[in-house]
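> Can you read through this structure? Questions will come right after.
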Amino acid sequence: MKGLKQMDFKAPPSTDDSHHERKPGIESNGPQKCSPPGGTYRHITLQALLWAHEQPHTCPLTSGPLFCITDLKLQNIDWQKTSNRQAHHTDKYYSQDLILRRGQSFKFLLTLNAPLRPGDNLGFIVFTGPYPSESARTKAVFPLSNGTRGDSWSAQLVSQNNNTLTISIFSPANAPIGWYTLNIQINNYTLKLGMFILLFNPWLQADGVFMSNQAEREEYVQEDAGVIFVGSTDRISMVGWNFGQFEGDILNICLSILDNSLNFRRDPATDVARRSDPKYIGRVLSAMINSNDDNGVLAGNWSGSYTGGRDPRNWNGSVEILKEWKSSGFRPVRYGQCWVFAGTLNTVLRSFGIPSRVITNFSSAHDTDRNLSVDVYYDPMGNPLDKSSDSIWNFHVWNEAWFVRNDLGSSYNGWQVLDATPQERSQGVFQCGPASVIAIREGDVNLDFDMPFIFAEVNADRITWIYDEKSNTQKQNSVATYGVGKYISTKAVGSYSRIDVTEKYKYPEGSSQERKVFEKAKGKLKPNSSFSPTSGENIENEEREPSISGKFKVIGTPTVGKEVNLALILKNLTSDMKTVTVNMTAWTIVYNGTLVQEVWKDSVTISLDPEEEINYPVKITYAQYEKYLKADNMIQTTAVCQASGEAEVVVERVVILDNPTLTLELLDQAQLRKPVNVQMLFSNPLDEPVKNCVLMVEGSGLLLGSLKIDVPTLRPKERSRVRFEILPTRSGTKQLVADFSCNKFPAIKAMLSVDVAE
């Protein structure tokens, strides 16, 4: 950085110095202070101060004698960005801002016009937020000293080489995170040196987000791509997600999320002061990633119709979402569903330095009335009924963030659930968590925050009812104590394997410990023991052992564009003949159970010999489901089976159809800063053309922004080959994520690991 240019002012400068040339790295912070005769402070700008140095006996504001201005002045500042960013583990951020972590010192060089002399006073002022105050710990004033640092801001003179000082500034490990301004006081005047961003420090034991395991820290803080598990208990699959927390403007956008929150708008001083606490930040973010109460990032939509926005299945990552939110003037981006909210929240948490991961819970309960049971309704014909506010989602995705729980005690430290999907209000706002995973496992539903809801998501009993509209009666059909909260999954550290973390959330299903915890939780919630799910109806309980059993078996691999084949397997469990009436339906659904359209139905009467088992074939043609299948590719089949004079047996299965394969292949070795070609291959499996084909690609470190390619219409059975270029900007293993959509296939996913050589 060059020294200050000579400024030759012919007259006292205006206090509006915006048109003057500024020294890089040194900013005038509006008015500065000087003391005219009488000692009261007036204001003076940096340029005026430099002018006054040339006319040392005259104050440019008062034209009177100037007593306080010293001959000592600042010539240059070198922020040592490269070494500071490496020492603070922030060198992966593409932004050129000075990004630091709290509880750790940073060094910079100050060059003065003369050596520091005894009697010269150098001090610093650091502050954050619009209303900084020392009492709120959002401002600190501290001298340059040779002393050691405590738990507060301090500055140390490391060395002095002629006119150049090496200064080390230390921030406390509990400082609020965000943008800071750093001012210097040289004797009696104040200059703005510049600004920096302060983040959480998971490398530091004194920080509440400290994570000791290096491999986990690399994955949960530094990894900018990953996978999210989706599907159903019968069919778990994964989609790639580009977190992109280090991309150009992403950290700044993430910080602006905090400044758009309800808390900041109501009381900015308190909100900024509380940004030292990861649990506070996590809770605010869980509210701000959805748009339900505020200028939040994403609008949720589970209707199956996404006009006016993007089908949630089409997103490849968080970067496009966050950029769109900012460029639209902080208007909600349309649309998100649970994994989109979770992927975006994960980006923000990691960008701030809070270790975090994405969790998928299969067969996830949405219990609206805190009674730890979810009521599911069918009519006698086998139609699922949208009769309860409770529901069971095929899968639900949330986040875990890693930090201490000083409010609960150290036994609850570690992973904390945060859920940004707007499901239920908490303290009047759609926010959820942090909830300690350990507390969930132990049934401590009385603890903060939102424990009963999250406990129910993984533990609720499922009660099946048959509701007959004609007679306005409903019969409790069955109670399943083990169907909810299955295969709780997250990405493995350092690989794309699925790690099952169910045992972190609950004791083994059916064990005495698990039931004991369930009863403990129920006792703490004190639900009304005579609770009935829907008032005004005649309720019968039938808890007799069924004489028949049934299940759906999927034949082959169901694929979009082909017939779906299943078999209903019915078994007579008795030594008597049984005549069974079977009413069956198939509905296309959204993954959270939202019904879209009935696409098939059938009724049959079957005679079963003693202990006989039969397979009844079910065929659903492409023509039947084609128009109604959503990007989820899910069809829910139900059979209500009734042996004469006995209670019904309800058999249910969600069938997930495979998309045709989308293939990405690298055509050459990827090298840093050298363009390389990637090829996409796709074959139209249908006997009709597919139109409006679009390929969307993104990948941090491989592409700047995202790539959108319009693909020509494909004739029946035609194979498409599209080549595009990527430019790796980071070495190591990077992830390319692609989404292909057309009129017949709303969202086909692919991902490719790219090893980039130096």
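We name chains A, B, ... following the order of the structure tokens; residues begin at 1 in each chain, and ligands are numbered from 1 as shown.
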With a distance cut-off of 10 Å and only C-alpha atoms, select the neighbouring residues of Ser363 of chain A, excluding the residue or stretch itself and same-chain residues fewer than 2 positions from it, and output the selection as a PyMOL selection string.
chain A and resi 231-233+360-361+365-366+391-396+457-458+483-488+592
> Near Lys578 of chain A, counting only C-alpha atoms, which residues have an atom at most 8 Å away, once you skip same-chain residues fewer than 2 positions from it, shown as a list in words?
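These residues fall inside the cut-off: Asn572, Asp576, Val580, Ser607, Leu608, Asp609, Pro610, Ala643 and Ser644 of chain A.
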> Residues of segment 66-100 of chain A classed as strand (DSSP E or B) by DSSP on the backbone are to be reported as an mmCIF file with all heavy atoms, in the first residue's frame.

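Result saved to selection.cif:
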```cif
data_model
loop_
_atom_site.group_PDB
_atom_site.id
_atom_site.type_symbol
_atom_site.label_atom_id
_atom_site.label_comp_id
_atom_site.auth_asym_id
_atom_site.auth_seq_id
_atom_site.Cartn_x
_atom_site.Cartn_y
_atom_site.Cartn_z
ATOM 1 N N LEU A 74 -0.720 9.752 10.750
ATOM 2 C CA LEU A 74 -0.748 8.425 10.160
ATOM 3 C C LEU A 74 -0.431 8.513 8.675
ATOM 4 O O LEU A 74 -1.000 9.338 7.958
ATOM 5 C CB LEU A 74 -2.155 7.850 10.364
ATOM 6 C CG LEU A 74 -2.407 6.406 10.018
ATOM 7 C CD1 LEU A 74 -1.494 5.495 10.814
ATOM 8 C CD2 LEU A 74 -3.854 6.065 10.325
ATOM 9 N N GLN A 75 0.479 7.656 8.222
ATOM 10 C CA GLN A 75 0.811 7.669 6.796
ATOM 11 C C GLN A 75 0.299 6.438 6.058
ATOM 12 O O GLN A 75 -0.053 6.515 4.896
ATOM 13 C CB GLN A 75 2.340 7.762 6.616
ATOM 14 C CG GLN A 75 2.868 9.158 6.878
ATOM 15 C CD GLN A 75 4.298 9.313 6.440
ATOM 16 O OE1 GLN A 75 5.090 8.392 6.547
ATOM 17 N NE2 GLN A 75 4.634 10.490 5.948
ATOM 18 N N ASN A 76 0.264 5.304 6.736
ATOM 19 C CA ASN A 76 -0.084 4.081 6.016
ATOM 20 C C ASN A 76 -0.571 3.020 7.009
ATOM 21 O O ASN A 76 -0.200 3.034 8.180
ATOM 22 C CB ASN A 76 1.153 3.553 5.273
ATOM 23 C CG ASN A 76 0.802 2.393 4.365
ATOM 24 O OD1 ASN A 76 -0.271 2.352 3.779
ATOM 25 N ND2 ASN A 76 1.700 1.421 4.266
ATOM 26 N N ILE A 77 -1.416 2.113 6.511
ATOM 27 C CA ILE A 77 -1.830 0.966 7.325
ATOM 28 C C ILE A 77 -1.785 -0.279 6.456
ATOM 29 O O ILE A 77 -2.204 -0.256 5.305
ATOM 30 C CB ILE A 77 -3.236 1.185 7.930
ATOM 31 C CG1 ILE A 77 -3.636 -0.008 8.799
ATOM 32 C CG2 ILE A 77 -4.289 1.440 6.874
ATOM 33 C CD1 ILE A 77 -4.804 0.273 9.699
ATOM 34 N N ASP A 78 -1.255 -1.356 6.997
ATOM 35 C CA ASP A 78 -1.194 -2.645 6.299
ATOM 36 C C ASP A 78 -1.897 -3.666 7.185
ATOM 37 O O ASP A 78 -1.409 -4.002 8.267
ATOM 38 C CB ASP A 78 0.274 -3.025 6.069
ATOM 39 C CG ASP A 78 0.411 -4.412 5.425
ATOM 40 O OD1 ASP A 78 -0.614 -5.090 5.248
ATOM 41 O OD2 ASP A 78 1.556 -4.815 5.127
ATOM 42 N N ILE A 99 -11.663 -10.658 7.634
ATOM 43 C CA ILE A 99 -12.596 -11.523 8.363
ATOM 44 C C ILE A 99 -11.805 -12.228 9.463
ATOM 45 O O ILE A 99 -10.810 -12.905 9.191
ATOM 46 C CB ILE A 99 -13.253 -12.545 7.416
ATOM 47 C CG1 ILE A 99 -13.962 -11.812 6.263
ATOM 48 C CG2 ILE A 99 -14.243 -13.425 8.173
ATOM 49 C CD1 ILE A 99 -14.404 -12.721 5.130
ATOM 50 N N LEU A 100 -12.250 -12.047 10.708
ATOM 51 C CA LEU A 100 -11.508 -12.523 11.881
ATOM 52 C C LEU A 100 -12.415 -13.384 12.758
ATOM 53 O O LEU A 100 -13.636 -13.325 12.634
ATOM 54 C CB LEU A 100 -10.995 -11.327 12.689
ATOM 55 C CG LEU A 100 -10.158 -10.300 11.898
ATOM 56 C CD1 LEU A 100 -10.000 -9.026 12.697
ATOM 57 C CD2 LEU A 100 -8.800 -10.898 11.538
#
```
> Which of these, A:Ala586, A:His88, A:Thr490, A:Gly593, has the shortest distance to Ser389 of chain A once you count only C-alpha atoms?
A:Gly593
> Pick from A:Gln416, A:Tyr505, A:Thr729, A:Leu345: nearest to Lys92 of chain A, with only C-alpha atoms counted?
A:Thr729
> Have a look at A:Ile656, A:Val756, A:Val493, A:Val711 and name the one nearest to Glu223 of chain A; count only C-alpha atoms.
A:Val493
> When DSSP works through the backbone of this structure, what residues of segment 162-382 of chain A end up as alpha helix (DSSP H), shown as a PyMOL selection string?
chain A and resi 214-217+250-259+262-266+268-273+278-288+318-327+338-352
> Would you pick out the contacts of Val397 of chain A at 10 Å or less, using only C-alpha atoms, so that residues sharing its chain but fewer than 4 positions from it are not included, and give the list as a ChimeraX atom specification?
/A:228-230,337-343,358-362,364,419-421,488-490
> I need the residues from that last selection saved to file as a PDB file, in the first residue's frame (with N, CA, C and O atoms), if you can.

```pdb
ATOM      1  N   ILE A 228     -28.169 -34.113   1.075  1.00  0.00           N
ATOM      2  CA  ILE A 228     -29.327 -34.139   1.981  1.00  0.00           C
ATOM      3  C   ILE A 228     -30.123 -35.392   1.644  1.00  0.00           C
ATOM      4  O   ILE A 228     -30.396 -35.670   0.467  1.00  0.00           O
ATOM      5  N   PHE A 229     -30.491 -36.156   2.669  1.00  0.00           N
ATOM      6  CA  PHE A 229     -31.221 -37.406   2.455  1.00  0.00           C
ATOM      7  C   PHE A 229     -32.720 -37.127   2.375  1.00  0.00           C
ATOM      8  O   PHE A 229     -33.266 -36.339   3.161  1.00  0.00           O
ATOM      9  N   VAL A 230     -33.377 -37.756   1.390  1.00  0.00           N
ATOM     10  CA  VAL A 230     -34.806 -37.558   1.139  1.00  0.00           C
ATOM     11  C   VAL A 230     -35.422 -38.919   0.825  1.00  0.00           C
ATOM     12  O   VAL A 230     -34.720 -39.931   0.772  1.00  0.00           O
ATOM     13  N   GLN A 337     -39.195 -25.836   0.569  1.00  0.00           N
ATOM     14  CA  GLN A 337     -39.743 -26.889   1.415  1.00  0.00           C
ATOM     15  C   GLN A 337     -38.629 -27.277   2.390  1.00  0.00           C
ATOM     16  O   GLN A 337     -37.557 -26.675   2.355  1.00  0.00           O
ATOM     17  N   CYS A 338     -38.867 -28.265   3.249  1.00  0.00           N
ATOM     18  CA  CYS A 338     -37.996 -28.413   4.428  1.00  0.00           C
ATOM     19  C   CYS A 338     -36.506 -28.495   4.124  1.00  0.00           C
ATOM     20  O   CYS A 338     -35.694 -27.858   4.801  1.00  0.00           O
ATOM     21  N   TRP A 339     -36.102 -29.272   3.093  1.00  0.00           N
ATOM     22  CA  TRP A 339     -34.652 -29.424   2.854  1.00  0.00           C
ATOM     23  C   TRP A 339     -34.055 -28.130   2.303  1.00  0.00           C
ATOM     24  O   TRP A 339     -32.861 -27.873   2.477  1.00  0.00           O
ATOM     25  N   VAL A 340     -34.890 -27.285   1.671  1.00  0.00           N
ATOM     26  CA  VAL A 340     -34.412 -25.994   1.160  1.00  0.00           C
ATOM     27  C   VAL A 340     -34.174 -25.039   2.330  1.00  0.00           C
ATOM     28  O   VAL A 340     -33.144 -24.348   2.388  1.00  0.00           O
ATOM     29  N   PHE A 341     -35.109 -25.015   3.289  1.00  0.00           N
ATOM     30  CA  PHE A 341     -34.911 -24.211   4.508  1.00  0.00           C
ATOM     31  C   PHE A 341     -33.655 -24.687   5.256  1.00  0.00           C
ATOM     32  O   PHE A 341     -32.839 -23.871   5.695  1.00  0.00           O
ATOM     33  N   ALA A 342     -33.502 -26.008   5.373  1.00  0.00           N
ATOM     34  CA  ALA A 342     -32.382 -26.555   6.153  1.00  0.00           C
ATOM     35  C   ALA A 342     -31.050 -26.330   5.440  1.00  0.00           C
ATOM     36  O   ALA A 342     -30.047 -25.993   6.080  1.00  0.00           O
ATOM     37  N   GLY A 343     -31.028 -26.512   4.126  1.00  0.00           N
ATOM     38  CA  GLY A 343     -29.793 -26.280   3.376  1.00  0.00           C
ATOM     39  C   GLY A 343     -29.348 -24.833   3.491  1.00  0.00           C
ATOM     40  O   GLY A 343     -28.158 -24.534   3.659  1.00  0.00           O
ATOM     41  N   VAL A 358     -26.961 -31.062   8.434  1.00  0.00           N
ATOM     42  CA  VAL A 358     -28.353 -31.223   8.009  1.00  0.00           C
ATOM     43  C   VAL A 358     -28.810 -32.623   8.411  1.00  0.00           C
ATOM     44  O   VAL A 358     -28.110 -33.606   8.178  1.00  0.00           O
ATOM     45  N   ILE A 359     -29.986 -32.703   9.034  1.00  0.00           N
ATOM     46  CA  ILE A 359     -30.530 -33.961   9.569  1.00  0.00           C
ATOM     47  C   ILE A 359     -31.854 -34.270   8.868  1.00  0.00           C
ATOM     48  O   ILE A 359     -32.687 -33.383   8.689  1.00  0.00           O
ATOM     49  N   THR A 360     -32.036 -35.530   8.481  1.00  0.00           N
ATOM     50  CA  THR A 360     -33.320 -35.958   7.911  1.00  0.00           C
ATOM     51  C   THR A 360     -33.965 -36.985   8.834  1.00  0.00           C
ATOM     52  O   THR A 360     -33.320 -37.970   9.222  1.00  0.00           O
ATOM     53  N   ASN A 361     -35.221 -36.741   9.186  1.00  0.00           N
ATOM     54  CA  ASN A 361     -36.011 -37.667  10.001  1.00  0.00           C
ATOM     55  C   ASN A 361     -37.065 -38.292   9.100  1.00  0.00           C
ATOM     56  O   ASN A 361     -37.898 -37.574   8.540  1.00  0.00           O
ATOM     57  N   PHE A 362     -37.024 -39.615   8.937  1.00  0.00           N
ATOM     58  CA  PHE A 362     -38.014 -40.289   8.099  1.00  0.00           C
ATOM     59  C   PHE A 362     -39.229 -40.666   8.940  1.00  0.00           C
ATOM     60  O   PHE A 362     -39.097 -41.030  10.099  1.00  0.00           O
ATOM     61  N   SER A 364     -41.784 -38.532   9.874  1.00  0.00           N
ATOM     62  CA  SER A 364     -41.655 -37.474  10.882  1.00  0.00           C
ATOM     63  C   SER A 364     -43.031 -36.944  11.267  1.00  0.00           C
ATOM     64  O   SER A 364     -43.824 -36.572  10.405  1.00  0.00           O
ATOM     65  N   ASP A 419     -34.823 -25.655  13.536  1.00  0.00           N
ATOM     66  CA  ASP A 419     -35.693 -26.004  12.405  1.00  0.00           C
ATOM     67  C   ASP A 419     -36.308 -24.726  11.840  1.00  0.00           C
ATOM     68  O   ASP A 419     -37.103 -24.067  12.510  1.00  0.00           O
ATOM     69  N   ALA A 420     -35.925 -24.385  10.615  1.00  0.00           N
ATOM     70  CA  ALA A 420     -36.403 -23.134   9.996  1.00  0.00           C
ATOM     71  C   ALA A 420     -37.663 -23.338   9.166  1.00  0.00           C
ATOM     72  O   ALA A 420     -38.216 -22.365   8.645  1.00  0.00           O
ATOM     73  N   THR A 421     -38.123 -24.590   9.033  1.00  0.00           N
ATOM     74  CA  THR A 421     -39.372 -24.830   8.297  1.00  0.00           C
ATOM     75  C   THR A 421     -40.539 -24.329   9.143  1.00  0.00           C
ATOM     76  O   THR A 421     -40.669 -24.713  10.303  1.00  0.00           O
ATOM     77  N   ILE A 488     -33.009 -41.703  11.283  1.00  0.00           N
ATOM     78  CA  ILE A 488     -32.596 -40.289  11.359  1.00  0.00           C
ATOM     79  C   ILE A 488     -31.164 -40.204  10.820  1.00  0.00           C
ATOM     80  O   ILE A 488     -30.267 -40.891  11.304  1.00  0.00           O
ATOM     81  N   SER A 489     -30.976 -39.396   9.779  1.00  0.00           N
ATOM     82  CA  SER A 489     -29.787 -39.516   8.926  1.00  0.00           C
ATOM     83  C   SER A 489     -29.057 -38.203   8.752  1.00  0.00           C
ATOM     84  O   SER A 489     -29.672 -37.132   8.721  1.00  0.00           O
ATOM     85  N   THR A 490     -27.731 -38.310   8.579  1.00  0.00           N
ATOM     86  CA  THR A 490     -26.924 -37.154   8.182  1.00  0.00           C
ATOM     87  C   THR A 490     -25.734 -37.662   7.381  1.00  0.00           C
ATOM     88  O   THR A 490     -25.414 -38.862   7.407  1.00  0.00           O
TER      89      THR A 490
END
```
> Write out as a ChimeraX atom specification the residues lying within 12 Å of Val596 of chain A, counting only C-alpha atoms and excluding same-chain residues fewer than 3 positions away.
/A:302-305,384-386,586-593,599,625,627-636
